[in-house]
>>> print(open('run07.cif').read())   # mmCIF, C-alpha atoms
data_target
loop_
_atom_site.group_PDB
_atom_site.id
_atom_site.type_symbol
_atom_site.label_atom_id
_atom_site.label_comp_id
_atom_site.auth_asym_id
_atom_site.auth_seq_id
_atom_site.Cartn_x
_atom_site.Cartn_y
_atom_site.Cartn_z
ATOM 1 C CA MET A 1 18.038 5.998 -11.179
ATOM 2 C CA GLN A 2 20.334 4.619 -8.524
ATOM 3 C CA ASN A 3 21.483 1.013 -8.593
ATOM 4 C CA VAL A 4 18.738 -1.147 -7.142
ATOM 5 C CA ASP A 5 19.199 -4.666 -5.824
ATOM 6 C CA LEU A 6 16.333 -6.368 -7.679
ATOM 7 C CA VAL A 7 16.567 -9.524 -5.574
ATOM 8 C CA GLN A 8 16.186 -7.504 -2.372
ATOM 9 C CA LEU A 9 13.412 -5.391 -3.908
ATOM 10 C CA THR A 10 11.515 -8.496 -5.027
ATOM 11 C CA THR A 11 11.969 -10.077 -1.594
ATOM 12 C CA GLN A 12 10.253 -7.017 -0.093
ATOM 13 C CA THR A 13 7.465 -6.732 -2.674
ATOM 14 C CA LYS A 14 6.679 -10.482 -2.586
ATOM 15 C CA LYS A 15 5.340 -9.873 0.939
ATOM 16 C CA LEU A 16 2.705 -7.550 -0.543
ATOM 17 C CA THR A 17 -0.504 -7.853 -2.541
ATOM 18 C CA ALA A 18 -1.740 -5.567 -5.295
ATOM 19 C CA MET A 19 -4.831 -4.773 -7.315
ATOM 20 C CA ILE A 20 -4.837 -3.436 -10.888
ATOM 21 C CA VAL A 21 -7.834 -1.415 -12.077
ATOM 22 C CA GLU A 22 -7.534 -0.759 -15.807
ATOM 23 C CA ASP A 23 -10.380 -0.794 -18.326
ATOM 24 C CA GLU A 24 -8.261 -1.499 -21.411
ATOM 25 C CA LYS A 25 -7.888 -5.283 -21.699
ATOM 26 C CA VAL A 26 -4.363 -5.358 -23.167
ATOM 27 C CA ALA A 27 -3.027 -2.773 -20.701
ATOM 28 C CA ASN A 28 -4.679 -4.609 -17.793
ATOM 29 C CA GLU A 29 -3.140 -7.933 -18.809
ATOM 30 C CA LEU A 30 0.292 -6.347 -19.319
ATOM 31 C CA LEU A 31 0.250 -4.608 -15.918
ATOM 32 C CA SER A 32 -1.080 -7.719 -14.186
ATOM 33 C CA SER A 33 1.517 -10.037 -15.693
ATOM 34 C CA THR A 34 4.316 -7.574 -14.947
ATOM 35 C CA PHE A 35 3.298 -7.021 -11.329
ATOM 36 C CA LYS A 36 2.813 -10.770 -10.731
ATOM 37 C CA ASN A 37 6.612 -10.967 -10.959
ATOM 38 C CA PHE A 38 6.865 -8.683 -7.936
ATOM 39 C CA PHE A 39 3.784 -9.127 -5.714
ATOM 40 C CA SER A 40 2.588 -12.281 -3.960
ATOM 41 C CA ASP A 41 -0.927 -11.803 -5.321
ATOM 42 C CA VAL A 42 -2.305 -9.474 -7.992
ATOM 43 C CA GLY A 43 -6.039 -8.971 -8.427
ATOM 44 C CA SER A 44 -7.359 -7.419 -11.604
ATOM 45 C CA CYS A 45 -10.523 -5.471 -12.441
ATOM 46 C CA PHE A 46 -11.750 -3.657 -15.529
ATOM 47 C CA ASN A 47 -14.026 -1.095 -13.834
ATOM 48 C CA GLY A 48 -14.430 0.851 -10.621
ATOM 49 C CA LYS A 49 -17.552 -0.929 -9.386
ATOM 50 C CA ASP A 50 -15.962 -4.405 -9.553
ATOM 51 C CA ALA A 51 -12.735 -2.989 -8.126
ATOM 52 C CA LEU A 52 -14.520 -1.622 -5.058
ATOM 53 C CA GLU A 53 -16.119 -5.024 -4.425
ATOM 54 C CA MET A 54 -12.751 -6.772 -4.836
ATOM 55 C CA TYR A 55 -11.058 -4.194 -2.613
ATOM 56 C CA ASN A 56 -13.534 -4.825 0.198
ATOM 57 C CA LYS A 57 -12.893 -8.576 -0.036
ATOM 58 C CA THR A 58 -9.117 -8.637 -0.481
ATOM 59 C CA LYS A 59 -7.773 -5.392 1.082
ATOM 60 C CA PRO A 60 -4.609 -5.302 -1.088
ATOM 61 C CA ASP A 61 -1.505 -3.457 0.100
ATOM 62 C CA VAL A 62 -1.310 -1.397 -3.095
ATOM 63 C CA VAL A 63 -3.988 -0.301 -5.564
ATOM 64 C CA PHE A 64 -2.945 0.701 -9.100
ATOM 65 C CA VAL A 65 -5.744 2.566 -10.839
ATOM 66 C CA ASP A 66 -6.388 4.217 -14.195
ATOM 67 C CA ILE A 67 -8.106 7.613 -14.037
ATOM 68 C CA ILE A 68 -10.369 7.479 -17.069
ATOM 69 C CA MET A 69 -12.821 4.569 -17.031
ATOM 70 C CA ALA A 70 -16.495 4.225 -17.924
ATOM 71 C CA GLY A 71 -18.894 4.326 -14.999
ATOM 72 C CA MET A 72 -16.949 4.940 -11.811
ATOM 73 C CA ASP A 73 -13.656 6.556 -12.824
ATOM 74 C CA GLY A 74 -10.373 6.083 -10.994
ATOM 75 C CA ILE A 75 -10.737 9.302 -9.027
ATOM 76 C CA GLU A 76 -14.126 8.316 -7.587
ATOM 77 C CA LEU A 77 -12.801 4.812 -6.872
ATOM 78 C CA SER A 78 -9.809 6.333 -5.057
ATOM 79 C CA ARG A 79 -12.149 8.617 -3.085
ATOM 80 C CA GLN A 80 -14.287 5.631 -1.989
ATOM 81 C CA ILE A 81 -11.220 3.550 -1.074
ATOM 82 C CA ARG A 82 -9.884 6.507 0.965
ATOM 83 C CA ALA A 83 -13.212 6.586 2.844
ATOM 84 C CA ILE A 84 -12.764 2.899 3.729
ATOM 85 C CA ASN A 85 -9.039 3.085 4.478
ATOM 86 C CA PRO A 86 -7.449 6.558 4.710
ATOM 87 C CA THR A 87 -3.921 5.077 4.660
ATOM 88 C CA GLN A 88 -4.383 2.834 1.595
ATOM 89 C CA ILE A 89 -1.561 3.172 -0.922
ATOM 90 C CA ILE A 90 -3.123 4.218 -4.232
ATOM 91 C CA ILE A 91 -1.079 4.773 -7.354
ATOM 92 C CA VAL A 92 -2.569 6.254 -10.494
ATOM 93 C CA ILE A 93 -1.259 4.867 -13.777
ATOM 94 C CA SER A 94 -2.737 6.873 -16.620
ATOM 95 C CA ALA A 95 -2.109 8.195 -20.111
ATOM 96 C CA SER A 96 -4.241 11.242 -19.310
ATOM 97 C CA ASN A 97 -2.641 14.672 -19.575
ATOM 98 C CA ASP A 98 -5.787 16.338 -18.235
ATOM 99 C CA ILE A 99 -4.452 18.717 -15.570
ATOM 100 C CA GLU A 100 -7.897 18.955 -13.968
ATOM 101 C CA LYS A 101 -8.086 15.150 -13.525
ATOM 102 C CA ILE A 102 -4.513 14.985 -12.231
ATOM 103 C CA SER A 103 -5.220 17.809 -9.759
ATOM 104 C CA GLU A 104 -8.389 16.089 -8.607
ATOM 105 C CA SER A 105 -6.516 12.818 -8.025
ATOM 106 C CA ILE A 106 -3.973 14.731 -5.929
ATOM 107 C CA GLU A 107 -6.814 16.290 -3.912
ATOM 108 C CA VAL A 108 -8.200 12.807 -3.250
ATOM 109 C CA GLY A 109 -4.782 11.916 -1.870
ATOM 110 C CA VAL A 110 -3.322 9.358 -4.251
ATOM 111 C CA ASN A 111 0.225 8.462 -3.260
ATOM 112 C CA SER A 112 1.793 8.608 -6.688
ATOM 113 C CA PHE A 113 1.026 9.315 -10.325
ATOM 114 C CA ILE A 114 2.756 7.433 -13.160
ATOM 115 C CA GLN A 115 2.369 8.454 -16.786
ATOM 116 C CA LYS A 116 1.769 5.755 -19.436
ATOM 117 C CA PRO A 117 3.517 4.217 -21.257
ATOM 118 C CA ILE A 118 5.467 2.658 -18.408
ATOM 119 C CA ASP A 119 8.991 1.425 -18.994
ATOM 120 C CA THR A 120 11.117 -0.882 -16.839
ATOM 121 C CA LYS A 121 12.950 2.011 -15.191
ATOM 122 C CA LYS A 122 9.639 3.584 -14.084
ATOM 123 C CA ILE A 123 8.412 0.249 -12.694
ATOM 124 C CA ILE A 124 11.574 -0.230 -10.624
ATOM 125 C CA GLU A 125 11.403 3.355 -9.309
ATOM 126 C CA LEU A 126 7.714 2.851 -8.518
ATOM 127 C CA LEU A 127 8.373 -0.381 -6.609
ATOM 128 C CA VAL A 128 11.205 1.226 -4.618
ATOM 129 C CA SER A 129 8.787 4.028 -3.729
ATOM 130 C CA VAL A 130 6.034 1.535 -2.804
ATOM 131 C CA THR A 131 8.309 -0.439 -0.462
ATOM 132 C CA ALA A 132 9.399 2.822 1.210
ATOM 133 C CA MET A 133 5.731 3.832 1.688
ATOM 134 C CA ILE A 134 4.832 0.405 3.104
ATOM 135 C CA THR A 135 7.804 0.444 5.470
ATOM 136 C CA LYS A 136 6.845 3.902 6.730
ATOM 137 C CA LYS A 137 3.190 2.839 7.069
ATOM 138 C CA LYS A 138 4.146 -0.325 9.017
ATOM 139 C CA LYS A 139 6.371 1.671 11.384
ATOM 140 C CA VAL A 140 3.491 4.010 12.171
ATOM 141 C CA GLU A 141 1.060 1.106 12.665
ATOM 142 C CA THR A 142 3.411 -0.816 14.972
ATOM 143 C CA LYS A 143 4.332 2.006 17.319
ATOM 144 C CA THR A 144 3.307 1.143 20.832
ATOM 145 C CA PHE A 145 2.231 3.552 23.482
ATOM 146 C CA SER A 146 3.206 3.268 27.143
ATOM 147 C CA ILE A 147 1.182 4.419 30.070
ATOM 148 C CA SER A 148 3.270 5.875 32.860
ATOM 149 C CA LEU A 149 1.946 5.061 36.277
ATOM 150 C CA PRO A 150 3.042 6.704 39.485
ATOM 151 C CA LEU A 151 5.266 4.315 41.434
ATOM 152 C CA ASP A 152 2.701 3.792 44.201
ATOM 153 C CA LEU A 153 0.038 2.719 41.636
ATOM 154 C CA TYR A 154 2.532 0.519 39.774
ATOM 155 C CA GLU A 155 3.092 -1.484 42.918
ATOM 156 C CA THR A 156 -0.646 -2.328 43.069
ATOM 157 C CA VAL A 157 -0.673 -3.819 39.551
ATOM 158 C CA ASN A 158 -0.963 -7.593 39.529
ATOM 159 C CA GLU A 159 2.455 -9.274 39.130
ATOM 160 C CA GLY A 160 1.058 -11.491 36.358
ATOM 161 C CA ALA A 161 -0.038 -8.443 34.379
ATOM 162 C CA LYS A 162 3.439 -6.916 34.698
ATOM 163 C CA ALA A 163 5.050 -10.114 33.434
ATOM 164 C CA GLU A 164 2.498 -10.450 30.599
ATOM 165 C CA SER A 165 3.165 -6.855 29.535
ATOM 166 C CA ILE A 166 6.934 -7.429 29.481
ATOM 167 C CA SER A 167 6.449 -10.687 27.557
ATOM 168 C CA LYS A 168 4.210 -8.986 24.936
ATOM 169 C CA ASN A 169 6.738 -6.175 24.506
ATOM 170 C CA ALA A 170 9.525 -8.709 23.957
ATOM 171 C CA ILE A 171 7.433 -10.456 21.286
ATOM 172 C CA ILE A 172 6.687 -7.130 19.563
ATOM 173 C CA ILE A 173 10.371 -6.162 19.603
ATOM 174 C CA ARG A 174 11.385 -9.547 18.127
ATOM 175 C CA ALA A 175 8.693 -9.258 15.417
ATOM 176 C CA LEU A 176 9.864 -5.761 14.493
ATOM 177 C CA ARG A 177 13.489 -6.912 14.300
ATOM 178 C CA ASP A 178 12.470 -9.796 12.035
ATOM 179 C CA PHE A 179 10.401 -7.444 9.837
ATOM 180 C CA PHE A 180 13.136 -4.856 9.403
#
>>> encode(input="run07.cif", output="structure tokens")
Amino acid sequence: MQNVDLVQLTTQTKKLTAMIVEDEKVANELLSSTFKNFFSDVGSCFNGKDALEMYNKTKPDVVFVDIIMAGMDGIELSRQIRAINPTQIIIVISASNDIEKISESIEVGVNSFIQKPIDTKKIIELLVSVTAMITKKKKVETKTFSISLPLDLYETVNEGAKAESISKNAIIIRALRDFF
């Protein structure tokens, strides 16, 4: 692992929210308390059904999910979240070595898979990866598209609209500079 500036990493992750979905009480509490040090808000659920309800209410930036749970497992939860938001960052944290389950989670499109038990080094690497994914996702979401008009049509556009467009672009550029 490369040297990571934890202060800078925490500054980035504190802008984000997370949700933990883990059916084992002790593991859930441990993950939640650990991630509360890094994320601005961490929601916690013990099953897929409650997690889906919480997801729809809170729309967290990152979802951490266990694969094997009673009722709706982590793979089905991930599939349903993907249907709601195809770009949602979903990270599987599981002790399962079941290749079939791991393959299925990859097919669903989870962003990352972390094997339990998780140590500090894995958490730091995971958070570096999460911030990179979020940054890439934000860049894609904030790209603006221009419409090229022939010069003769451009001249017929209302002067106020031209000025408003330039003003909005300046605001977007300033916001992007502040973000990055």
>>> closest_residue(input="run07.cif", among="A:Ile118, A:Ile99, A:Val92, A:Leu127", to="Leu30 in chain A", atoms="only C-alpha atoms")
A:Ile118
>>> residues_around(input="run07.cif", residues="Asp73 in chain A", least_positions_apart="4", cutoff="12 Å", atoms="all atoms listed in the file", output="PyMOL selection string")
chain A and resi 21-23+46-52+65-69+77-80+92+94+101+104-105
>>> write_last_selection(input="run07.cif", atoms="C-alpha atoms", output="PDB file, in the frame of the given file")
ATOM      1  CA  VAL A  21      -7.834  -1.415 -12.077  1.00  0.00           C
ATOM      2  CA  GLU A  22      -7.534  -0.759 -15.807  1.00  0.00           C
ATOM      3  CA  ASP A  23     -10.380  -0.794 -18.326  1.00  0.00           C
ATOM      4  CA  PHE A  46     -11.750  -3.657 -15.529  1.00  0.00           C
ATOM      5  CA  ASN A  47     -14.026  -1.095 -13.834  1.00  0.00           C
ATOM      6  CA  GLY A  48     -14.430   0.851 -10.621  1.00  0.00           C
ATOM      7  CA  LYS A  49     -17.552  -0.929  -9.386  1.00  0.00           C
ATOM      8  CA  ASP A  50     -15.962  -4.405  -9.553  1.00  0.00           C
ATOM      9  CA  ALA A  51     -12.735  -2.989  -8.126  1.00  0.00           C
ATOM     10  CA  LEU A  52     -14.520  -1.622  -5.058  1.00  0.00           C
ATOM     11  CA  VAL A  65      -5.744   2.566 -10.839  1.00  0.00           C
ATOM     12  CA  ASP A  66      -6.388   4.217 -14.195  1.00  0.00           C
ATOM     13  CA  ILE A  67      -8.106   7.613 -14.037  1.00  0.00           C
ATOM     14  CA  ILE A  68     -10.369   7.479 -17.069  1.00  0.00           C
ATOM     15  CA  MET A  69     -12.821   4.569 -17.031  1.00  0.00           C
ATOM     16  CA  LEU A  77     -12.801   4.812  -6.872  1.00  0.00           C
ATOM     17  CA  SER A  78      -9.809   6.333  -5.057  1.00  0.00           C
ATOM     18  CA  ARG A  79     -12.149   8.617  -3.085  1.00  0.00           C
ATOM     19  CA  GLN A  80     -14.287   5.631  -1.989  1.00  0.00           C
ATOM     20  CA  VAL A  92      -2.569   6.254 -10.494  1.00  0.00           C
ATOM     21  CA  SER A  94      -2.737   6.873 -16.620  1.00  0.00           C
ATOM     22  CA  LYS A 101      -8.086  15.150 -13.525  1.00  0.00           C
ATOM     23  CA  GLU A 104      -8.389  16.089  -8.607  1.00  0.00           C
ATOM     24  CA  SER A 105      -6.516  12.818  -8.025  1.00  0.00           C
TER      25      SER A 105
END
>>> atom_distance(input="run07.cif", atom1="CA of Ile93 in chain A", atom2="CA of Lys57 in chain A")
22.5 Å
>>> closest_residue(input="run07.cif", among="A:Thr131, A:Asn37, A:Gln115, A:Asn56", to="Ser96 in chain A", atoms="all atoms listed in the file")
A:Gln115
>>> closest_atom_pairs(input="run07.cif", of="range 37-97 of chain A", to="range 10-18 of chain A", cutoff="9 Å", atoms="all atoms listed in the file", output="CSV")
residue,atom,partner,partner_atom,distance
A:Asn37,CA,A:Thr10,CA,8.1
A:Phe38,CA,A:Thr10,CA,5.5
A:Phe39,CA,A:Lys14,CA,4.5
A:Ser40,CA,A:Lys14,CA,4.7
A:Asp41,CA,A:Thr17,CA,4.8
A:Val42,CA,A:Ala18,CA,4.8
A:Gly43,CA,A:Ala18,CA,6.3
A:Ser44,CA,A:Ala18,CA,8.6
A:Thr58,CA,A:Thr17,CA,8.9
A:Lys59,CA,A:Thr17,CA,8.5
A:Pro60,CA,A:Thr17,CA,5.0
A:Asp61,CA,A:Thr17,CA,5.2
A:Val62,CA,A:Ala18,CA,4.7
A:Val63,CA,A:Ala18,CA,5.7
A:Phe64,CA,A:Ala18,CA,7.4
>>> atom_distance(input="run07.cif", atom1="CA of Ser129 in chain A", atom2="CA of Leu31 in chain A")
17.2 Å
>>> residues_around(input="run07.cif", residues="Ala132 in chain A", least_positions_apart="3", cutoff="12 Å", atoms="all atoms listed in the file", output="number ranges by chain")
A: 9, 12-13, 89, 111, 125-129, 135-139, 180
>>> write_last_selection(input="run07.cif", atoms="C-alpha atoms", output="tab-separated table (two decimals), in the frame of the given file")
chain	number	residue	atom	x	y	z
A	9	LEU	CA	13.41	-5.39	-3.91
A	12	GLN	CA	10.25	-7.02	-0.09
A	13	THR	CA	7.46	-6.73	-2.67
A	89	ILE	CA	-1.56	3.17	-0.92
A	111	ASN	CA	0.22	8.46	-3.26
A	125	GLU	CA	11.40	3.36	-9.31
A	126	LEU	CA	7.71	2.85	-8.52
A	127	LEU	CA	8.37	-0.38	-6.61
A	128	VAL	CA	11.20	1.23	-4.62
A	129	SER	CA	8.79	4.03	-3.73
A	135	THR	CA	7.80	0.44	5.47
A	136	LYS	CA	6.84	3.90	6.73
A	137	LYS	CA	3.19	2.84	7.07
A	138	LYS	CA	4.15	-0.32	9.02
A	139	LYS	CA	6.37	1.67	11.38
A	180	PHE	CA	13.14	-4.86	9.40
>>> atom_distance(input="run07.cif", atom1="CA of Asn97 in chain A", atom2="CA of Ser112 in chain A")
14.9 Å
>>> closest_residue(input="run07.cif", among="A:Gly74, A:Lys36, A:Ile20, A:Ala95", to="Pro117 in chain A", atoms="all atoms listed in the file")
A:Ala95
>>> closest_residue(input="run07.cif", among="A:Ala70, A:Ile106, A:Ile90, A:Val7", to="Glu24 in chain A", atoms="all atoms listed in the file")
A:Ala70
>>> closest_residue(input="run07.cif", among="A:Asn3, A:Ile114, A:Ile102, A:Val130", to="Gln88 in chain A", atoms="only C-alpha atoms")
A:Val130
